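Next comes data-v6.cif, with mmCIF, C-alpha atoms and all ligand atoms.
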data_target
loop_
_atom_site.label_atom_id
_atom_site.label_comp_id
_atom_site.auth_asym_id
_atom_site.auth_seq_id
_atom_site.Cartn_x
_atom_site.Cartn_y
_atom_site.Cartn_z
CA MET A 1 22.28 28.02 -27.44
CA LYS A 2 25.71 27.15 -26.13
CA LYS A 3 26.42 23.45 -26.39
CA GLN A 4 27.25 21.94 -23.03
CA THR A 5 30.49 20.00 -22.99
CA PHE A 6 31.71 17.57 -20.37
CA SER A 7 35.33 17.04 -19.51
CA GLN A 8 36.81 13.70 -18.60
CA ARG A 9 36.85 14.95 -15.00
CA ASP A 10 33.05 15.47 -15.11
CA TRP A 11 32.53 11.93 -16.35
CA ILE A 12 34.80 10.50 -13.68
CA ALA A 13 32.97 12.52 -10.98
CA ALA A 14 29.59 11.28 -12.27
CA ALA A 15 30.82 7.67 -12.34
CA ARG A 16 32.08 8.02 -8.74
CA THR A 17 28.68 9.37 -7.60
CA LEU A 18 26.89 6.50 -9.30
CA ASN A 19 29.30 3.97 -7.85
CA ALA A 20 28.71 5.33 -4.36
CA ALA A 21 24.94 5.06 -4.85
CA LEU A 22 25.02 1.55 -6.32
CA PRO A 23 25.49 -0.52 -3.15
CA ASN A 24 22.36 1.15 -1.79
CA LEU A 25 20.37 0.59 -4.98
CA GLN A 26 21.32 -3.09 -4.87
CA LYS A 27 20.05 -3.39 -1.31
CA TYR A 28 16.66 -4.73 -2.41
CA ASP A 29 17.74 -6.61 -5.52
CA GLY A 30 15.40 -9.61 -5.76
CA ALA A 31 13.22 -8.40 -2.86
CA THR A 32 9.43 -8.45 -2.93
CA VAL A 33 8.04 -5.11 -1.77
CA VAL A 34 4.28 -4.77 -1.39
CA ILE A 35 3.17 -1.14 -1.48
CA LYS A 36 -0.28 -0.11 -0.29
CA LEU A 37 -1.29 3.24 -1.73
CA GLY A 38 -4.06 4.68 0.43
CA GLY A 39 -6.80 6.91 -0.92
CA HIS A 40 -5.55 9.86 1.10
CA ALA A 41 -2.03 9.43 -0.30
CA MET A 42 -3.10 9.62 -3.96
CA GLY A 43 -4.60 13.11 -4.07
CA SER A 44 -2.68 15.12 -6.66
CA ASP A 45 -1.66 14.14 -10.19
CA GLU A 46 1.95 15.13 -9.40
CA GLY A 47 1.90 12.80 -6.39
CA MET A 48 0.62 9.96 -8.54
CA GLU A 49 3.32 10.62 -11.16
CA SER A 50 6.04 10.65 -8.50
CA PHE A 51 4.70 7.38 -7.03
CA ALA A 52 4.63 5.77 -10.48
CA ARG A 53 8.22 6.84 -11.26
CA ASP A 54 9.39 5.40 -7.93
CA VAL A 55 7.71 2.06 -8.66
CA VAL A 56 9.29 1.85 -12.12
CA LEU A 57 12.72 2.75 -10.76
CA MET A 58 12.37 0.12 -8.04
CA GLN A 59 11.64 -2.49 -10.69
CA GLN A 60 14.64 -1.33 -12.73
CA VAL A 61 16.95 -1.95 -9.77
CA GLY A 62 15.68 -5.48 -9.21
CA VAL A 63 12.74 -5.07 -6.80
CA ASN A 64 9.55 -7.05 -7.34
CA PRO A 65 6.94 -4.34 -6.62
CA VAL A 66 3.33 -5.37 -5.95
CA ILE A 67 0.81 -2.55 -5.58
CA VAL A 68 -2.37 -2.84 -3.51
CA HIS A 69 -4.51 0.29 -3.30
CA GLY A 70 -7.31 1.84 -1.28
CA GLY A 71 -9.63 4.62 -2.34
CA GLY A 72 -11.83 5.39 0.67
CA PRO A 73 -12.28 9.11 -0.16
CA MET A 74 -13.22 8.26 -3.78
CA ILE A 75 -15.81 5.72 -2.53
CA ASN A 76 -17.20 8.32 -0.10
CA ASP A 77 -17.56 10.78 -2.96
CA MET A 78 -19.49 8.34 -5.18
CA LEU A 79 -21.69 7.09 -2.30
CA SER A 80 -22.66 10.65 -1.44
CA ARG A 81 -23.47 11.42 -5.10
CA LEU A 82 -25.76 8.38 -5.04
CA ALA A 83 -27.16 9.40 -1.63
CA ILE A 84 -26.09 6.09 -0.03
CA PRO A 85 -25.15 6.69 3.63
CA SER A 86 -22.02 5.03 4.98
CA THR A 87 -20.69 4.24 8.45
CA PHE A 88 -17.42 2.85 9.79
CA VAL A 89 -16.87 0.32 12.57
CA ARG A 90 -13.30 -0.44 13.76
CA GLY A 91 -11.96 1.64 10.83
CA LYS A 92 -13.87 -0.48 8.26
CA ARG A 93 -16.86 0.48 6.12
CA VAL A 94 -20.11 -1.32 6.97
CA SER A 95 -21.03 -2.71 3.55
CA ASP A 96 -24.49 -3.79 2.43
CA ALA A 97 -25.14 -5.10 -1.11
CA ALA A 98 -25.68 -1.61 -2.61
CA THR A 99 -22.50 -0.29 -0.98
CA VAL A 100 -20.38 -3.19 -2.24
CA GLU A 101 -21.56 -2.54 -5.81
CA VAL A 102 -20.35 1.04 -5.62
CA VAL A 103 -17.11 0.06 -3.86
CA GLU A 104 -16.25 -2.44 -6.62
CA MET A 105 -17.06 0.03 -9.41
CA VAL A 106 -14.96 2.79 -7.86
CA LEU A 107 -11.98 0.66 -6.78
CA SER A 108 -11.68 -1.78 -9.71
CA GLY A 109 -12.67 0.92 -12.21
CA LEU A 110 -11.67 4.50 -11.53
CA VAL A 111 -8.98 4.13 -8.91
CA ASN A 112 -7.29 0.98 -10.21
CA LYS A 113 -7.05 2.26 -13.77
CA ARG A 114 -5.70 5.64 -12.69
CA ILE A 115 -2.74 3.92 -10.98
CA VAL A 116 -2.20 1.48 -13.88
CA GLN A 117 -2.18 4.35 -16.35
CA ALA A 118 0.28 6.39 -14.26
CA ILE A 119 2.76 3.49 -13.99
CA ASN A 120 2.50 2.77 -17.70
CA ALA A 121 3.01 6.47 -18.52
CA ALA A 122 6.18 6.34 -16.38
CA GLY A 123 7.55 3.53 -18.58
CA GLY A 124 6.42 0.49 -16.59
CA ARG A 125 4.13 -2.38 -17.56
CA ALA A 126 1.29 -2.44 -15.07
CA VAL A 127 -1.79 -4.64 -15.11
CA GLY A 128 -4.88 -3.90 -13.00
CA LEU A 129 -6.53 -6.71 -11.05
CA SER A 130 -8.79 -7.28 -8.09
CA GLY A 131 -8.91 -10.16 -5.64
CA LYS A 132 -11.37 -11.82 -8.03
CA ASP A 133 -8.85 -12.16 -10.86
CA ALA A 134 -7.10 -15.54 -10.83
CA ASN A 135 -8.60 -16.01 -7.33
CA LEU A 136 -5.93 -13.66 -6.00
CA MET A 137 -7.83 -13.10 -2.76
CA VAL A 138 -10.66 -15.39 -1.69
CA CYS A 139 -12.53 -14.10 1.36
CA GLU A 140 -14.88 -15.17 4.13
CA ALA A 141 -17.26 -12.99 6.16
CA ARG A 142 -15.80 -13.13 9.67
CA GLU A 143 -17.16 -9.80 10.89
CA PRO A 144 -20.92 -10.30 10.47
CA ASP A 145 -21.73 -6.85 11.91
CA LEU A 146 -19.98 -5.30 8.89
CA GLY A 147 -22.04 -7.02 6.15
CA PHE A 148 -20.07 -7.87 2.99
CA VAL A 149 -16.70 -7.05 4.46
CA GLY A 150 -14.28 -9.86 3.70
CA THR A 151 -11.43 -11.46 5.60
CA PRO A 152 -8.88 -12.78 3.07
CA VAL A 153 -8.27 -16.51 3.54
CA ASP A 154 -6.87 -17.89 0.28
CA PHE A 155 -4.38 -16.47 -2.23
CA ASN A 156 -2.63 -17.14 -5.52
CA PRO A 157 0.99 -16.02 -5.02
CA ASP A 158 2.18 -18.19 -7.93
CA PHE A 159 0.13 -16.08 -10.32
CA LEU A 160 1.74 -12.90 -8.96
CA ARG A 161 5.18 -14.52 -9.31
CA SER A 162 4.43 -15.33 -12.96
CA LEU A 163 3.63 -11.65 -13.55
CA HIS A 164 6.95 -10.70 -11.96
CA ALA A 165 8.76 -13.12 -14.26
CA ALA A 166 7.09 -11.35 -17.21
CA GLU A 167 8.17 -7.94 -15.79
CA ILE A 168 4.57 -6.94 -15.19
CA ILE A 169 3.69 -4.84 -12.14
CA PRO A 170 0.38 -5.97 -10.58
CA VAL A 171 -1.96 -3.26 -9.26
CA ILE A 172 -4.57 -4.89 -7.04
CA ALA A 173 -7.94 -3.48 -5.92
CA PRO A 174 -9.02 -4.77 -2.48
CA ILE A 175 -12.12 -6.61 -3.65
CA GLY A 176 -12.43 -10.22 -2.57
CA ALA A 177 -14.15 -13.17 -4.16
CA GLY A 178 -16.49 -15.20 -1.91
CA ARG A 179 -16.75 -18.98 -2.33
CA ALA A 180 -20.51 -18.69 -2.83
CA GLY A 181 -20.12 -16.02 -5.51
CA GLU A 182 -20.26 -13.03 -3.14
CA THR A 183 -18.31 -9.84 -3.69
CA PHE A 184 -16.47 -8.65 -0.59
CA ASN A 185 -15.20 -5.21 0.31
CA VAL A 186 -11.81 -5.63 1.95
CA ASN A 187 -10.02 -2.87 3.82
CA GLY A 188 -7.03 -1.86 1.68
CA ASP A 189 -4.53 -2.30 4.51
CA THR A 190 -5.91 -5.74 5.39
CA ALA A 191 -5.68 -6.80 1.73
CA ALA A 192 -2.10 -5.51 1.35
CA GLY A 193 -0.96 -7.25 4.55
CA ALA A 194 -2.54 -10.55 3.57
CA ILE A 195 -1.08 -10.46 0.05
CA ALA A 196 2.34 -9.48 1.45
CA ALA A 197 2.23 -12.48 3.82
CA SER A 198 1.15 -14.81 0.99
CA LEU A 199 4.20 -13.65 -1.01
CA ASP A 200 6.54 -13.91 1.98
CA ALA A 201 7.41 -10.27 1.25
CA ASP A 202 10.55 -8.51 2.42
CA ARG A 203 8.77 -5.20 2.98
CA LEU A 204 5.22 -3.90 3.25
CA LEU A 205 4.96 -0.13 2.81
CA LEU A 206 1.66 1.42 3.90
CA LEU A 207 1.45 4.86 2.26
CA THR A 208 -0.97 7.23 3.98
CA ASP A 209 -1.42 10.94 4.76
CA VAL A 210 0.49 11.16 8.03
CA ALA A 211 4.25 10.94 8.59
CA GLY A 212 3.86 7.75 10.62
CA VAL A 213 2.33 6.46 13.86
CA LYS A 214 2.14 9.35 16.32
CA ASP A 215 2.44 9.06 20.10
CA SER A 216 0.29 10.98 22.63
CA ASN A 217 2.49 14.09 22.10
CA GLY A 218 1.90 13.96 18.36
CA ASP A 219 5.50 12.88 17.63
CA VAL A 220 6.12 10.20 14.99
CA VAL A 221 7.61 7.03 16.47
CA SER A 222 10.31 5.86 14.05
CA GLU A 223 10.35 2.25 15.28
CA ILE A 224 7.35 0.90 17.14
CA THR A 225 7.11 -2.47 18.90
CA PRO A 226 4.02 -4.73 18.91
CA ALA A 227 3.68 -4.08 22.69
CA GLN A 228 3.68 -0.30 22.13
CA ILE A 229 1.03 -0.69 19.40
CA ARG A 230 -1.23 -2.63 21.78
CA GLU A 231 -0.79 -0.07 24.58
CA MET A 232 -1.39 2.92 22.28
CA THR A 233 -4.51 1.30 20.81
CA GLU A 234 -5.95 0.56 24.26
CA ALA A 235 -5.24 4.16 25.29
CA GLY A 236 -7.01 5.46 22.17
CA VAL A 237 -3.82 7.12 20.84
CA ILE A 238 -4.01 4.86 17.79
CA ALA A 239 -7.53 5.41 16.45
CA GLY A 240 -9.71 5.47 13.32
CA GLY A 241 -8.01 4.52 10.06
CA MET A 242 -4.71 3.89 11.90
CA ILE A 243 -6.23 0.82 13.61
CA PRO A 244 -6.43 -1.40 10.48
CA LYS A 245 -2.90 -0.26 9.56
CA THR A 246 -1.27 -1.25 12.85
CA GLU A 247 -3.39 -4.44 13.07
CA THR A 248 -2.23 -5.30 9.56
CA ALA A 249 1.39 -4.61 10.49
CA LEU A 250 1.20 -6.96 13.49
CA GLU A 251 -0.42 -9.73 11.50
CA ALA A 252 1.97 -9.32 8.59
CA ILE A 253 5.11 -9.64 10.73
CA GLU A 254 3.59 -12.62 12.55
CA ASN A 255 3.08 -14.22 9.15
CA GLY A 256 6.61 -13.78 7.88
CA VAL A 257 6.80 -10.29 6.35
CA ARG A 258 10.26 -8.98 7.33
CA ALA A 259 9.18 -5.40 8.14
CA VAL A 260 6.21 -3.07 7.73
CA VAL A 261 6.58 0.70 7.39
CA ILE A 262 3.74 3.22 7.77
CA LEU A 263 4.73 6.44 5.99
CA ASP A 264 3.46 9.58 4.28
CA GLY A 265 2.84 8.74 0.63
CA ARG A 266 2.38 12.42 -0.29
CA VAL A 267 6.08 13.12 0.23
CA PRO A 268 7.89 13.05 -3.14
CA ASN A 269 9.88 9.82 -3.56
CA ALA A 270 8.46 8.44 -0.30
CA CYS A 271 9.16 4.78 -1.22
CA LEU A 272 12.72 5.50 -2.39
CA LEU A 273 13.49 7.50 0.76
CA GLU A 274 12.35 4.61 2.90
CA LEU A 275 14.17 1.88 1.00
CA TYR A 276 17.39 3.59 -0.03
CA THR A 277 18.31 6.18 2.60
CA ASP A 278 19.92 5.40 5.94
CA HIS A 279 17.35 7.43 7.89
CA GLY A 280 14.34 5.83 6.13
CA ALA A 281 10.85 7.29 6.56
CA GLY A 282 7.80 6.82 8.77
CA SER A 283 7.27 4.19 11.49
CA MET A 284 8.75 0.71 11.17
CA ILE A 285 7.32 -2.42 12.78
CA ARG A 286 9.59 -5.48 12.83
CA PRO A 287 9.42 -8.90 14.48
CA ARG A 288 11.25 -9.02 17.80
CA ARG A 289 14.87 -10.01 17.26
N1 LIG A 301 -1.68 7.49 16.49
C1 LIG A 301 -1.95 7.92 15.23
N2 LIG A 301 -0.93 8.30 14.44
C2 LIG A 301 -1.14 8.76 13.19
N3 LIG A 301 -2.39 8.83 12.61
C3 LIG A 301 -3.45 8.46 13.34
C4 LIG A 301 -3.28 7.97 14.67
N4 LIG A 301 -4.51 7.65 15.16
C5 LIG A 301 -5.40 7.93 14.18
N5 LIG A 301 -4.78 8.41 13.08
C6 LIG A 301 -5.47 8.79 11.84
O1 LIG A 301 -5.33 7.75 10.87
C7 LIG A 301 -5.36 8.38 9.57
C8 LIG A 301 -4.84 7.40 8.52
O2 LIG A 301 -5.85 6.45 8.19
P1 LIG A 301 -6.76 6.61 6.86
O3 LIG A 301 -7.31 8.00 6.82
O4 LIG A 301 -7.68 5.47 6.84
O5 LIG A 301 -5.63 6.51 5.75
P2 LIG A 301 -5.60 5.87 4.28
O6 LIG A 301 -6.72 6.46 3.49
O7 LIG A 301 -4.25 6.29 3.81
O8 LIG A 301 -5.71 4.37 4.45
C9 LIG A 301 -4.55 9.63 9.79
O9 LIG A 301 -4.82 10.62 8.83
C10 LIG A 301 -4.94 10.06 11.21
O10 LIG A 301 -6.01 10.98 11.17
C1 LIG A 302 -13.92 -2.62 4.42
C2 LIG A 302 -13.39 -1.28 4.07
O1 LIG A 302 -13.31 -0.40 4.90
N1 LIG A 302 -12.98 -1.11 2.80
C3 LIG A 302 -12.45 0.14 2.33
C4 LIG A 302 -11.75 -0.13 0.99
C5 LIG A 302 -10.96 1.06 0.50
C6 LIG A 302 -9.82 1.44 1.43
O2 LIG A 302 -9.37 0.71 2.30
O3 LIG A 302 -9.37 2.71 1.18
P1 LIG A 302 -8.23 3.52 1.99
O4 LIG A 302 -7.02 2.69 2.03
O5 LIG A 302 -8.07 4.75 1.16
O6 LIG A 302 -8.77 3.84 3.36
C7 LIG A 302 -13.60 1.18 2.12
O7 LIG A 302 -14.71 0.79 1.79
O8 LIG A 302 -13.30 2.37 2.28
#
Would you give me this structure, written as structure tokens?
Amino acid sequence: MKKQTFSQRDWIAAARTLNAALPNLQKYDGATVVIKLGGHAMGSDEGMESFARDVVLMQQVGVNPVIVHGGGPMINDMLSRLAIPSTFVRGKRVSDAATVEVVEMVLSGLVNKRIVQAINAAGGRAVGLSGKDANLMVCEAREPDLGFVGTPVDFNPDFLRSLHAAEIIPVIAPIGAGRAGETFNVNGDTAAGAIAASLDADRLLLLTDVAGVKDSNGDVVSEITPAQIREMTEAGVIAGGMIPKTETALEAIENGVRAVVILDGRVPNACLLELYTDHGAGSMIRPRR
């Protein structure tokens, strides 16, 4: 095999390219970016590997990445194997005691460890947690018609900051601890938004299986205002699983998160495209300036 040689000109050209890229890569140095990986966005192994590489690269360029995941399709699969029927109200799973048991096993077990393993295989140091660990997410039942569905009320951002200081990437399953020892099923988007607000995050990226929030013509809206979200929800244009996402986005920006982006997590390098390119990706929701 012919040995490849590089001339001084090649090196100088490569250094110039890197130099041009650097200001962009430094854009989020020191920033906290909470990434919610939805169940529909984590289908293929290649997709998971690409996601994991992005997260490790983000950490290498100074970002503090915090991963919160979903896993709705994986829960559906296990519930149907166990012949436990399941229904959704306002985009959230009605959860009795038997359902919550399965949800915790699937999310904290199978799904959480798959993500942890992928990040570690990509060279990162990930640790899997749920809202129960270190009281990361204490919940109350505020939607009694949904059973053991939790609303996050109390957090432990200092613990997450100590993981960041130790260069550990937290991967959090949306299971909440109740004050009376209950286990709560928390919608993944709700959990990610609440954790992002508790960390005063710079960005919340909600990775799903659509390019962004679509209008009545089916076109993705690249920047969407809170007023537009309310109108589109009332008109039924925003429906199903998109409701908890847009609700989360509104709450997160009200609680200090600088911007929320809803984007297609199946696109290779989705997070990097959003953070480091001028055109970004998906639909952004920001506080009114
Ligand atoms: N206006 C809208 N724009 C885009 N997607 C929408 C809209 N309204 C409803 N949806 C639905 O919301 C889904 C995303 O929610 P969900 O399936 O719960 O995702 P995830 O598993 O990633 O959390 C989309 O696949 C789409 O079918
Ligand atoms: C209360 C509630 O709905 N919990 C969700 C938790 C998982 C989740 O949110 O998964 P996705 O992000 O993949 O949709 C559920 O049981 O499906």
Nearby residues, ligand LIG 301 (chain A), 9 Å, only C-alpha atoms and all ligand atoms, as number ranges by chain:
A: 36-42, 69-73, 91-92, 187-189, 206-216, 218-221, 232-233, 236-245, 264-265
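For Gly280 in chain A, the residues within 10 Å (counting only C-alpha atoms, excluding itself and residues fewer than 4 positions away along the chain) are A:Ser222, A:Val261, A:Leu263, A:Ala270, A:Cys271, A:Leu272, A:Leu273, A:Glu274, A:Leu275, A:Tyr276, A:Met284.
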d(CA of Ala165 in chain A, CA of Ala259 in chain A) in Å
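A separation of 23.7 Å between them.
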Pick from A:Gly193, A:Pro23, A:Pro170, A:Gly109: nearest to Gly128 in chain A, with all atoms listed in the file counted?
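So, comparing all the options, the nearest one is A:Pro170.
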Which of these residues is nearest to Tyr28 in chain A, using all atoms listed in the file: A:Ser7, A:Gln60, A:Thr183, A:Ser50?
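Residue with the minimum atom-to-atom distance to Tyr28 in chain A: A:Gln60.
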Just the residues within 9 Å of Leu199 in chain A, please, counting all atoms listed in the file, with nothing from its chain fewer than 2 positions along; format it as a PyMOL selection string.
chain A and resi 32+34+156-158+160-161+194-197+201-202+257
To one decimal in Å, tell me the separation between CA of Ala281 in chain A and CA of Arg93 in chain A.
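So the answer is 28.5 Å.
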For the atom pair CA of Leu82 in chain A and CA of Gly176 in chain A, what is the interatomic distance in Å to one decimal place?
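For CA of Leu82 in chain A relative to CA of Gly176 in chain A, the distance reads 23.0 Å.
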In terms of all atoms listed in the file, the residue from A:Ile253, A:Val102, A:Leu204, A:Ala173 at minimal distance from Lys132 in chain A is A:Ala173
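If you measure from each of A:Ala134, A:Leu146, A:Leu25, A:Val33 to ligand LIG 302 (chain A) using all atoms listed in the file, the closest one turns out to be A:Leu146.
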Spatial neighbours of Ala97 in chain A, max dist 10 Å, only C-alpha atoms, sep filter under 2 positions, as a PDB file with C-alpha atoms, in the coordinates of the input:
ATOM      1  CA  SER A  95     -21.030  -2.710   3.550  1.00  0.00           C
ATOM      2  CA  THR A  99     -22.500  -0.290  -0.980  1.00  0.00           C
ATOM      3  CA  VAL A 100     -20.380  -3.190  -2.240  1.00  0.00           C
ATOM      4  CA  GLU A 101     -21.560  -2.540  -5.810  1.00  0.00           C
ATOM      5  CA  VAL A 102     -20.350   1.040  -5.620  1.00  0.00           C
ATOM      6  CA  VAL A 103     -17.110   0.060  -3.860  1.00  0.00           C
ATOM      7  CA  GLY A 147     -22.040  -7.020   6.150  1.00  0.00           C
ATOM      8  CA  PHE A 148     -20.070  -7.870   2.990  1.00  0.00           C
ATOM      9  CA  GLU A 182     -20.260 -13.030  -3.140  1.00  0.00           C
ATOM     10  CA  THR A 183     -18.310  -9.840  -3.690  1.00  0.00           C
ATOM     11  CA  PHE A 184     -16.470  -8.650  -0.590  1.00  0.00           C
TER      12      PHE A 184
END
Non-local contacts of Ala177 in chain A (9 Å; all atoms listed in the file; under 4 positions in same chain excluded) as an MDAnalysis selection string:
chainID A and resid 130:133 135:140 150 152 181:184
Residue nearest ligand LIG 302 (chain A) among A:Arg125, A:Arg16, A:Arg81, A:Arg142 (counting only C-alpha atoms and all ligand atoms)
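Among the listed residues, A:Arg142 lies closest to ligand LIG 302 (chain A).
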Between A:Asn19, A:Asn24, A:Asn185, A:Gln228, single out the one closest to Thr277 in chain A, counting only C-alpha atoms.
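So, comparing all the options, the nearest one is A:Asn24.
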Where is the centre and how long are the edges: axis-aligned box on ligand LIG 302 (chain A), 6 Å on each side, Å to one decimal, as JSON:
{"center_x": -10.9, "center_y": 1.1, "center_z": 2.7, "size_x": 19.7, "size_y": 19.4, "size_z": 16.4}
